[in-house]
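Below is the file final.pdb, which contains PDB, C-alpha atoms.
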```pdb
ATOM      1  CA  MET A 171     -23.406   4.009  47.828
ATOM      2  CA  SER A 172     -26.393   6.384  47.829
ATOM      3  CA  ALA A 173     -29.124   6.137  45.225
ATOM      4  CA  ALA A 174     -28.085   9.554  43.837
ATOM      5  CA  VAL A 175     -24.445   8.508  43.392
ATOM      6  CA  LEU A 176     -25.488   5.192  41.822
ATOM      7  CA  LEU A 177     -27.827   6.995  39.419
ATOM      8  CA  PHE A 178     -25.053   9.444  38.441
ATOM      9  CA  ALA A 179     -22.533   6.621  37.861
ATOM     10  CA  THR A 180     -25.023   4.687  35.717
ATOM     11  CA  ALA A 181     -25.890   7.747  33.670
ATOM     12  CA  THR A 182     -22.218   8.583  33.135
ATOM     13  CA  GLY A 183     -21.483   5.026  32.022
ATOM     14  CA  LEU A 184     -24.349   5.034  29.561
ATOM     15  CA  SER A 185     -23.271   8.407  28.219
ATOM     16  CA  GLY A 186     -19.737   7.103  27.646
ATOM     17  CA  CYS A 187     -21.068   4.084  25.763
ATOM     18  CA  GLY A 188     -23.273   6.312  23.624
ATOM     19  CA  ASN A 189     -20.245   8.416  22.584
ATOM     20  CA  SER A 190     -17.970   5.476  21.796
ATOM     21  CA  LYS A 191     -18.321   6.226  18.058
ATOM     22  CA  ALA A 192     -17.969   9.958  18.336
ATOM     23  CA  PRO A 193     -15.284  11.444  16.029
ATOM     24  CA  SER A 194     -11.930  11.799  17.778
ATOM     25  CA  LYS A 195      -8.274  12.290  16.962
ATOM     26  CA  GLU A 196      -7.430   8.864  18.387
ATOM     27  CA  ALA A 197     -10.087   7.046  16.326
ATOM     28  CA  PHE A 198      -9.057   8.707  13.078
ATOM     29  CA  ALA A 199      -5.327   8.217  13.695
ATOM     30  CA  ALA A 200      -5.773   4.481  14.329
ATOM     31  CA  ALA A 201      -7.801   4.032  11.133
ATOM     32  CA  LEU A 202      -5.337   6.103   9.082
ATOM     33  CA  GLY A 203      -2.347   3.940  10.045
ATOM     34  CA  PRO A 204      -2.884   1.158   7.463
ATOM     35  CA  VAL A 205      -3.773   3.717   4.768
ATOM     36  CA  VAL A 206      -0.707   5.891   5.265
ATOM     37  CA  ARG A 207       1.704   2.948   5.699
ATOM     38  CA  ASP A 208       1.971   2.297   1.947
ATOM     39  CA  VAL A 209       1.696   5.861   0.647
ATOM     40  CA  PHE A 210       5.357   5.827  -0.486
ATOM     41  CA  CYS A 211       4.933   2.527  -2.362
ATOM     42  CA  HIS A 212       4.770   2.342  -6.164
ATOM     43  CA  PRO A 213       3.484  -0.576  -8.281
ATOM     44  CA  ILE A 214       6.123  -2.520 -10.217
ATOM     45  CA  ASP A 215       4.681  -2.561 -13.732
ATOM     46  CA  VAL A 216       6.234  -5.654 -15.320
ATOM     47  CA  MET A 217       4.826  -8.144 -17.836
ATOM     48  CA  ARG A 218       4.672 -11.288 -15.744
ATOM     49  CA  TYR A 219       5.026 -14.850 -16.998
ATOM     50  CA  ASP A 220       3.449 -18.066 -15.730
ATOM     51  CA  ILE A 221       5.651 -21.159 -15.658
ATOM     52  CA  GLU A 222       4.115 -24.433 -16.809
ATOM     53  CA  GLY A 223       3.277 -26.717 -13.896
ATOM     54  CA  GLU A 224       3.953 -24.070 -11.260
ATOM     55  CA  SER A 225       1.384 -22.003  -9.397
ATOM     56  CA  GLY A 226       1.746 -18.351 -10.212
ATOM     57  CA  GLY A 227       0.884 -15.363  -8.103
ATOM     58  CA  SER A 228       0.648 -11.599  -8.095
ATOM     59  CA  GLY A 229       3.430 -11.051  -5.576
ATOM     60  CA  PHE A 230       7.101 -11.992  -5.449
ATOM     61  CA  PRO A 231       9.127 -13.406  -7.017
ATOM     62  CA  ILE A 232       8.420 -11.554 -10.264
ATOM     63  CA  VAL A 233       9.086 -13.702 -13.335
ATOM     64  CA  THR A 234       9.422 -11.906 -16.679
ATOM     65  CA  SER A 235      11.339 -12.017 -19.950
ATOM     66  CA  PRO A 236      14.916 -10.731 -20.321
ATOM     67  CA  ARG A 237      14.249  -9.902 -23.972
ATOM     68  CA  ALA A 238      14.267  -6.159 -24.578
ATOM     69  CA  PRO A 239      11.243  -6.133 -26.926
ATOM     70  CA  MET A 240       9.173  -7.752 -24.196
ATOM     71  CA  ALA A 241      10.447  -5.555 -21.385
ATOM     72  CA  GLY A 242      10.611  -2.092 -22.925
ATOM     73  CA  PRO A 243      10.888   0.676 -23.720
ATOM     74  CA  GLY A 244       7.746   1.699 -21.796
ATOM     75  CA  SER A 245       6.941   1.429 -18.089
ATOM     76  CA  ASP A 246       7.678  -2.302 -18.211
ATOM     77  CA  GLY A 247      11.246  -1.653 -19.334
ATOM     78  CA  LYS A 248      11.738   1.039 -16.689
ATOM     79  CA  ALA A 249      10.553  -1.343 -13.979
ATOM     80  CA  VAL A 250      12.988  -4.035 -15.134
ATOM     81  CA  ALA A 251      15.817  -1.477 -15.126
ATOM     82  CA  MET A 252      14.836  -0.501 -11.576
ATOM     83  CA  LEU A 253      14.826  -4.134 -10.451
ATOM     84  CA  ASP A 254      18.259  -4.634 -12.011
ATOM     85  CA  GLY A 255      19.478  -1.602 -10.064
ATOM     86  CA  LEU A 256      18.088  -3.014  -6.822
ATOM     87  CA  ALA A 257      19.848  -6.301  -7.581
ATOM     88  CA  ASN A 258      23.129  -4.408  -7.947
ATOM     89  CA  VAL A 259      22.827  -3.029  -4.395
ATOM     90  CA  GLY A 260      21.765  -6.325  -2.819
ATOM     91  CA  LEU A 261      18.059  -5.631  -2.280
ATOM     92  CA  VAL A 262      16.896  -8.126  -4.903
ATOM     93  CA  THR A 263      18.147 -11.504  -6.108
ATOM     94  CA  ARG A 264      18.213 -11.707  -9.907
ATOM     95  CA  THR A 265      18.089 -15.230 -11.387
ATOM     96  CA  THR A 266      18.079 -16.204 -15.081
ATOM     97  CA  PHE A 267      16.862 -19.601 -16.309
ATOM     98  CA  GLU A 268      14.882 -21.361 -19.062
ATOM     99  CA  LYS A 269      11.472 -23.011 -18.671
ATOM    100  CA  SER A 270       8.188 -23.445 -20.516
ATOM    101  CA  ALA A 271       6.162 -20.312 -19.857
ATOM    102  CA  ARG A 272       3.627 -17.847 -21.249
ATOM    103  CA  TRP A 273       2.333 -14.379 -20.419
ATOM    104  CA  SER A 274       0.187 -14.292 -17.296
ATOM    105  CA  GLY A 275      -3.453 -14.493 -18.271
ATOM    106  CA  SER A 276      -2.677 -15.782 -21.760
ATOM    107  CA  THR A 277      -4.283 -18.913 -23.226
ATOM    108  CA  ASN A 278      -1.403 -19.483 -25.651
ATOM    109  CA  ALA A 279       0.626 -22.665 -25.489
ATOM    110  CA  PHE A 280       3.551 -22.808 -23.082
ATOM    111  CA  VAL A 281       6.873 -22.295 -24.880
ATOM    112  CA  ARG A 282      10.342 -22.972 -23.521
ATOM    113  CA  GLN A 283      12.150 -19.647 -23.341
ATOM    114  CA  PRO A 284      14.659 -17.598 -21.329
ATOM    115  CA  LEU A 285      13.204 -16.037 -18.179
ATOM    116  CA  ILE A 286      14.361 -13.840 -15.359
ATOM    117  CA  SER A 287      13.195 -13.862 -11.741
ATOM    118  CA  TYR A 288      13.443 -11.086  -9.142
ATOM    119  CA  ALA A 289      13.014 -11.926  -5.446
ATOM    120  CA  PRO A 290      13.605  -9.618  -2.450
ATOM    121  CA  THR A 291      16.602 -10.389  -0.254
ATOM    122  CA  PRO A 292      16.218 -10.155   3.554
ATOM    123  CA  LYS A 293      17.719  -6.667   3.273
ATOM    124  CA  GLY A 294      15.227  -5.642   0.606
ATOM    125  CA  ALA A 295      12.096  -7.324   1.989
ATOM    126  CA  PRO A 296      10.916  -4.261   3.986
ATOM    127  CA  TYR A 297      10.857  -2.237   0.750
ATOM    128  CA  LEU A 298       9.485  -4.821  -1.699
ATOM    129  CA  HIS A 299       6.136  -6.383  -0.871
ATOM    130  CA  THR A 300       2.566  -6.579  -2.143
ATOM    131  CA  VAL A 301       0.204  -3.683  -1.550
ATOM    132  CA  GLU A 302      -3.587  -3.844  -1.731
ATOM    133  CA  ARG A 303      -4.837  -1.535  -4.487
ATOM    134  CA  LYS A 304      -8.275  -0.987  -5.982
ATOM    135  CA  ALA A 305      -8.754  -2.492  -9.440
ATOM    136  CA  THR A 306     -11.881  -2.201 -11.575
ATOM    137  CA  ASN A 307     -14.241  -4.079  -9.260
ATOM    138  CA  ALA A 308     -12.103  -5.385  -6.410
ATOM    139  CA  MET A 309      -8.968  -4.969  -4.330
ATOM    140  CA  VAL A 310      -5.903  -6.751  -5.705
ATOM    141  CA  SER A 311      -2.412  -7.413  -4.331
ATOM    142  CA  VAL A 312       0.226  -5.660  -6.431
ATOM    143  CA  PRO A 313       4.014  -6.127  -6.098
ATOM    144  CA  SER A 314       5.366  -2.741  -5.096
ATOM    145  CA  PHE A 315       8.576  -0.871  -4.367
ATOM    146  CA  CYS A 316       8.425   1.266  -1.212
ATOM    147  CA  LEU A 317      10.779   4.191  -0.680
ATOM    148  CA  ALA A 318       9.847   4.388   3.011
ATOM    149  CA  LYS A 319       7.164   3.436   5.502
ATOM    150  CA  GLY A 320       4.395   6.012   5.873
ATOM    151  CA  GLU A 321       3.505   7.121   9.385
ATOM    152  CA  VAL A 322       0.749   9.410  10.690
ATOM    153  CA  VAL A 323       2.154  12.537  12.344
ATOM    154  CA  ASP A 324      -1.065  14.191  13.513
ATOM    155  CA  VAL A 325      -4.799  14.443  12.887
ATOM    156  CA  VAL A 326      -5.153  18.172  12.308
ATOM    157  CA  ARG A 327      -8.928  18.651  12.096
ATOM    158  CA  TRP A 328     -12.177  17.121  10.891
ATOM    159  CA  THR A 329     -15.537  18.434   9.746
ATOM    160  CA  GLU A 330     -18.771  18.025  11.648
ATOM    161  CA  PRO A 331     -20.217  14.642  10.543
ATOM    162  CA  THR A 332     -23.018  14.926   7.983
ATOM    163  CA  ASP A 333     -25.261  12.476   6.140
ATOM    164  CA  PHE A 334     -24.296  11.907   2.496
ATOM    165  CA  ALA A 335     -25.640   9.199   0.146
ATOM    166  CA  GLY A 336     -26.637   7.012   3.069
ATOM    167  CA  HIS A 337     -23.353   7.438   4.939
ATOM    168  CA  ARG A 338     -22.385   9.418   8.017
ATOM    169  CA  VAL A 339     -19.320  11.246   6.672
ATOM    170  CA  SER A 340     -16.559  13.502   8.003
ATOM    171  CA  GLN A 341     -13.665  15.056   6.069
ATOM    172  CA  VAL A 342     -10.464  14.366   8.028
ATOM    173  CA  THR A 343      -7.284  16.393   7.494
ATOM    174  CA  TYR A 344      -4.042  14.844   8.715
ATOM    175  CA  THR A 345      -0.274  15.025   8.321
ATOM    176  CA  TYR A 346       2.077  12.146   7.574
ATOM    177  CA  HIS A 347       5.718  11.517   6.740
ATOM    178  CA  GLY A 348       8.088   8.727   5.734
ATOM    179  CA  VAL A 349      10.237   6.784   8.193
ATOM    180  CA  ASP A 350      12.836   4.010   7.726
ATOM    181  CA  PRO A 351      13.720   5.077   4.146
ATOM    182  CA  ILE A 352      15.433   2.684   1.769
ATOM    183  CA  PRO A 353      19.172   2.712   2.632
ATOM    184  CA  VAL A 354      20.361   3.668  -0.862
ATOM    185  CA  MET A 355      18.262   6.853  -0.887
ATOM    186  CA  PRO A 356      20.314  10.093  -1.071
ATOM    187  CA  PRO A 357      20.285  12.152   2.169
ATOM    188  CA  ALA A 358      18.463  15.064   0.513
ATOM    189  CA  GLU A 359      15.646  12.739  -0.591
ATOM    190  CA  GLN A 360      15.497  11.152   2.873
ATOM    191  CA  ALA A 361      15.047  14.619   4.358
ATOM    192  CA  ARG A 362      12.280  15.432   1.865
ATOM    193  CA  ILE A 363      10.338  12.257   2.670
ATOM    194  CA  ALA A 364      10.732  12.859   6.407
ATOM    195  CA  GLU A 365       9.027  16.268   6.143
ATOM    196  CA  PRO A 366       5.340  16.187   7.215
ATOM    197  CA  LYS A 367       2.811  16.457   4.388
ATOM    198  CA  GLU A 368      -0.877  17.312   4.691
ATOM    199  CA  SER A 369      -3.774  15.441   3.121
ATOM    200  CA  THR A 370      -7.557  15.169   3.516
ATOM    201  CA  MET A 371      -9.629  11.985   3.340
ATOM    202  CA  PRO A 372     -13.369  11.296   3.770
ATOM    203  CA  PHE A 373     -14.313   8.965   6.625
ATOM    204  CA  GLU A 374     -17.587   7.152   7.186
ATOM    205  CA  LEU A 375     -19.104   5.878  10.418
ATOM    206  CA  ARG A 376     -19.574   2.105  10.366
ATOM    207  CA  SER A 377     -20.731  -0.375  12.984
ATOM    208  CA  ASP A 378     -17.118  -0.785  14.154
ATOM    209  CA  GLY A 379     -16.265   2.918  14.201
ATOM    210  CA  TRP A 380     -14.834   5.480  11.778
ATOM    211  CA  ARG A 381     -13.185   4.102   8.632
ATOM    212  CA  PRO A 382     -11.818   5.691   5.423
ATOM    213  CA  LEU A 383     -14.579   5.982   2.818
ATOM    214  CA  ALA A 384     -13.971   3.614  -0.104
ATOM    215  CA  ARG A 385     -13.325   5.478  -3.350
TER     216      ARG A 385
END
```
Would you kindly transcribe this structure into structure tokens?
Amino acid sequence: MSAAVLLFATATGLSGCGNSKAPSKEAFAAALGPVVRDVFCHPIDVMRYDIEGESGGSGFPIVTSPRAPMAGPGSDGKAVAMLDGLANVGLVTRTTFEKSARWSGSTNAFVRQPLISYAPTPKGAPYLHTVERKATNAMVSVPSFCLAKGEVVDVVRWTEPTDFAGHRVSQVTYTYHGVDPIPVMPPAEQARIAEPKESTMPFELRSDGWRPLAR
């Protein structure tokens, strides 16, 4: 190999390494995957109960009270009604029992009382799982009901990266849609979710490449 060819190959290799963090459709699409995956998921807002002597958790199964005053008529009651509906179509197992329990986070004494537990069946597991969501100061796992799995269709465009508040930022516009919808969803709703939708999200350049900017 001549010195000129070797010099050209070395320069080309160095140039490629220098551009490894350049904005690209492939880089943005890969980073968007985990973000878009849960876009059709909705938190299940239910007043949870801790059972005495058993380790609780923020995921499934969900343990709550079957008493109407405790479960409604607000969002809590609507969530329980939804879970009952999912139990009727075999996506959730609904179990009633009695144990000593108290509201999650409460310091009150444990009291023996009727309880109800909702756990996903194998058929319902793809649509009922925890989703990471931002709370006041941290990310928390929230039990959620997912109508479908979100999937990136295309990265449409992005802005020229600029410096903002100490970050290298680009506004990325992309399209996404829902796939593998919940089987009990009406055909018209399945068609609506399958249609591509457009959204824009800020990205920042980090040491490991382009990532969605935390909000």
Query raised in the report: Written as a PyMOL selection string, which residues does the PyMOL selection byres ((chain A and resi 232-237) around 9) give for the file shown?
Result: chain A and resi 216-221+227-231+238-242+250+266+273+283-289+313
Contact table segment 239-329 of chain A vs segment 206-211 of chain A, cut-off 12 Å, shortest pair per residue, all atoms listed in the file, as a Markdown table:
```
| residue | atom | partner | partner_atom | distance |
| --- | --- | --- | --- | --- |
| A:Pro296 | CA | A:Cys211 | CA | 11.1 |
| A:Tyr297 | CA | A:Cys211 | CA | 8.2 |
| A:Leu298 | CA | A:Cys211 | CA | 8.7 |
| A:His299 | CA | A:Cys211 | CA | 9.1 |
| A:Thr300 | CA | A:Cys211 | CA | 9.4 |
| A:Val301 | CA | A:Asp208 | CA | 7.1 |
| A:Glu302 | CA | A:Asp208 | CA | 9.1 |
| A:Arg303 | CA | A:Asp208 | CA | 10.1 |
| A:Val312 | CA | A:Cys211 | CA | 10.3 |
| A:Pro313 | CA | A:Cys211 | CA | 9.5 |
| A:Ser314 | CA | A:Cys211 | CA | 6.0 |
| A:Phe315 | CA | A:Cys211 | CA | 5.4 |
| A:Cys316 | CA | A:Cys211 | CA | 3.9 |
| A:Leu317 | CA | A:Phe210 | CA | 5.7 |
| A:Ala318 | CA | A:Phe210 | CA | 5.9 |
| A:Lys319 | CA | A:Arg207 | CA | 5.5 |
| A:Gly320 | CA | A:Arg207 | CA | 4.1 |
| A:Glu321 | CA | A:Arg207 | CA | 5.9 |
| A:Val322 | CA | A:Val206 | CA | 6.6 |
| A:Val323 | CA | A:Val206 | CA | 10.1 |
| A:Asp324 | CA | A:Val206 | CA | 11.7 |
```
Report task. For each of A:Ala199, A:Val354, A:Leu375, A:Ile363, take the minimum atom-to-atom distance to Gly255 of chain A, counting all atoms listed in the file, then give the residue where this is smallest. Result ->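 Of the candidates, the smallest distance to Gly255 of chain A is held by A:Val354.
With atom CA of Asn258 of chain A on one side and atom CA of Arg272 of chain A on the other, the separation reads 27.2 Å.
If only C-alpha atoms are the atoms counted, then among A:Leu253, A:Leu261, A:Val349, A:Ala197 the closest residue to Pro290 of chain A is A:Leu261.
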Query raised in the report: So what do you get for atom CA of Glu330 of chain A versus atom CA of Met309 of chain A, distance-wise?
Result: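 So the answer is 29.7 Å.
Proximity ranking of A:Ala192, A:Thr332, A:His212, A:Gln341 relative to Pro382 of chain A places A:Gln341 first, based on only C-alpha atoms.
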Report summary line: What separates atom CA of Ser194 of chain A and atom CA of Arg362 of chain A is a distance of 29.2 Å
Requested in this report: Give the answer as one residue: which of A:Arg264, A:Lys248, A:Lys304, A:His337 has the shortest atom-to-atom distance to Leu383 of chain A, using all atoms listed in the file?
Outcome: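 Nearest candidate to Leu383 of chain A out of A:Arg264, A:Lys248, A:Lys304, A:His337: A:His337.
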**Report entry** Residue among A:Lys293, A:Lys367, A:Lys269, A:Arg338 lying closest to Arg381 of chain A, counting all atoms listed in the file
**Finding:** A:Arg338
Query raised in the report: Met371 of chain A: which residues within 12 Å, counting all atoms listed in the file, same-chain residues fewer than 2 positions away excluded, as a list in words?
Result: Phe198, Ala199, Ala201, Leu202, Val205, Val206, Val325, Val326, Arg327, Trp328, Thr329, Val339, Ser340, Gln341, Val342, Thr343, Tyr344, Thr345, Glu368, Ser369, Phe373, Glu374, Trp380, Arg381, Pro382, Leu383, Ala384 and Arg385 of chain A
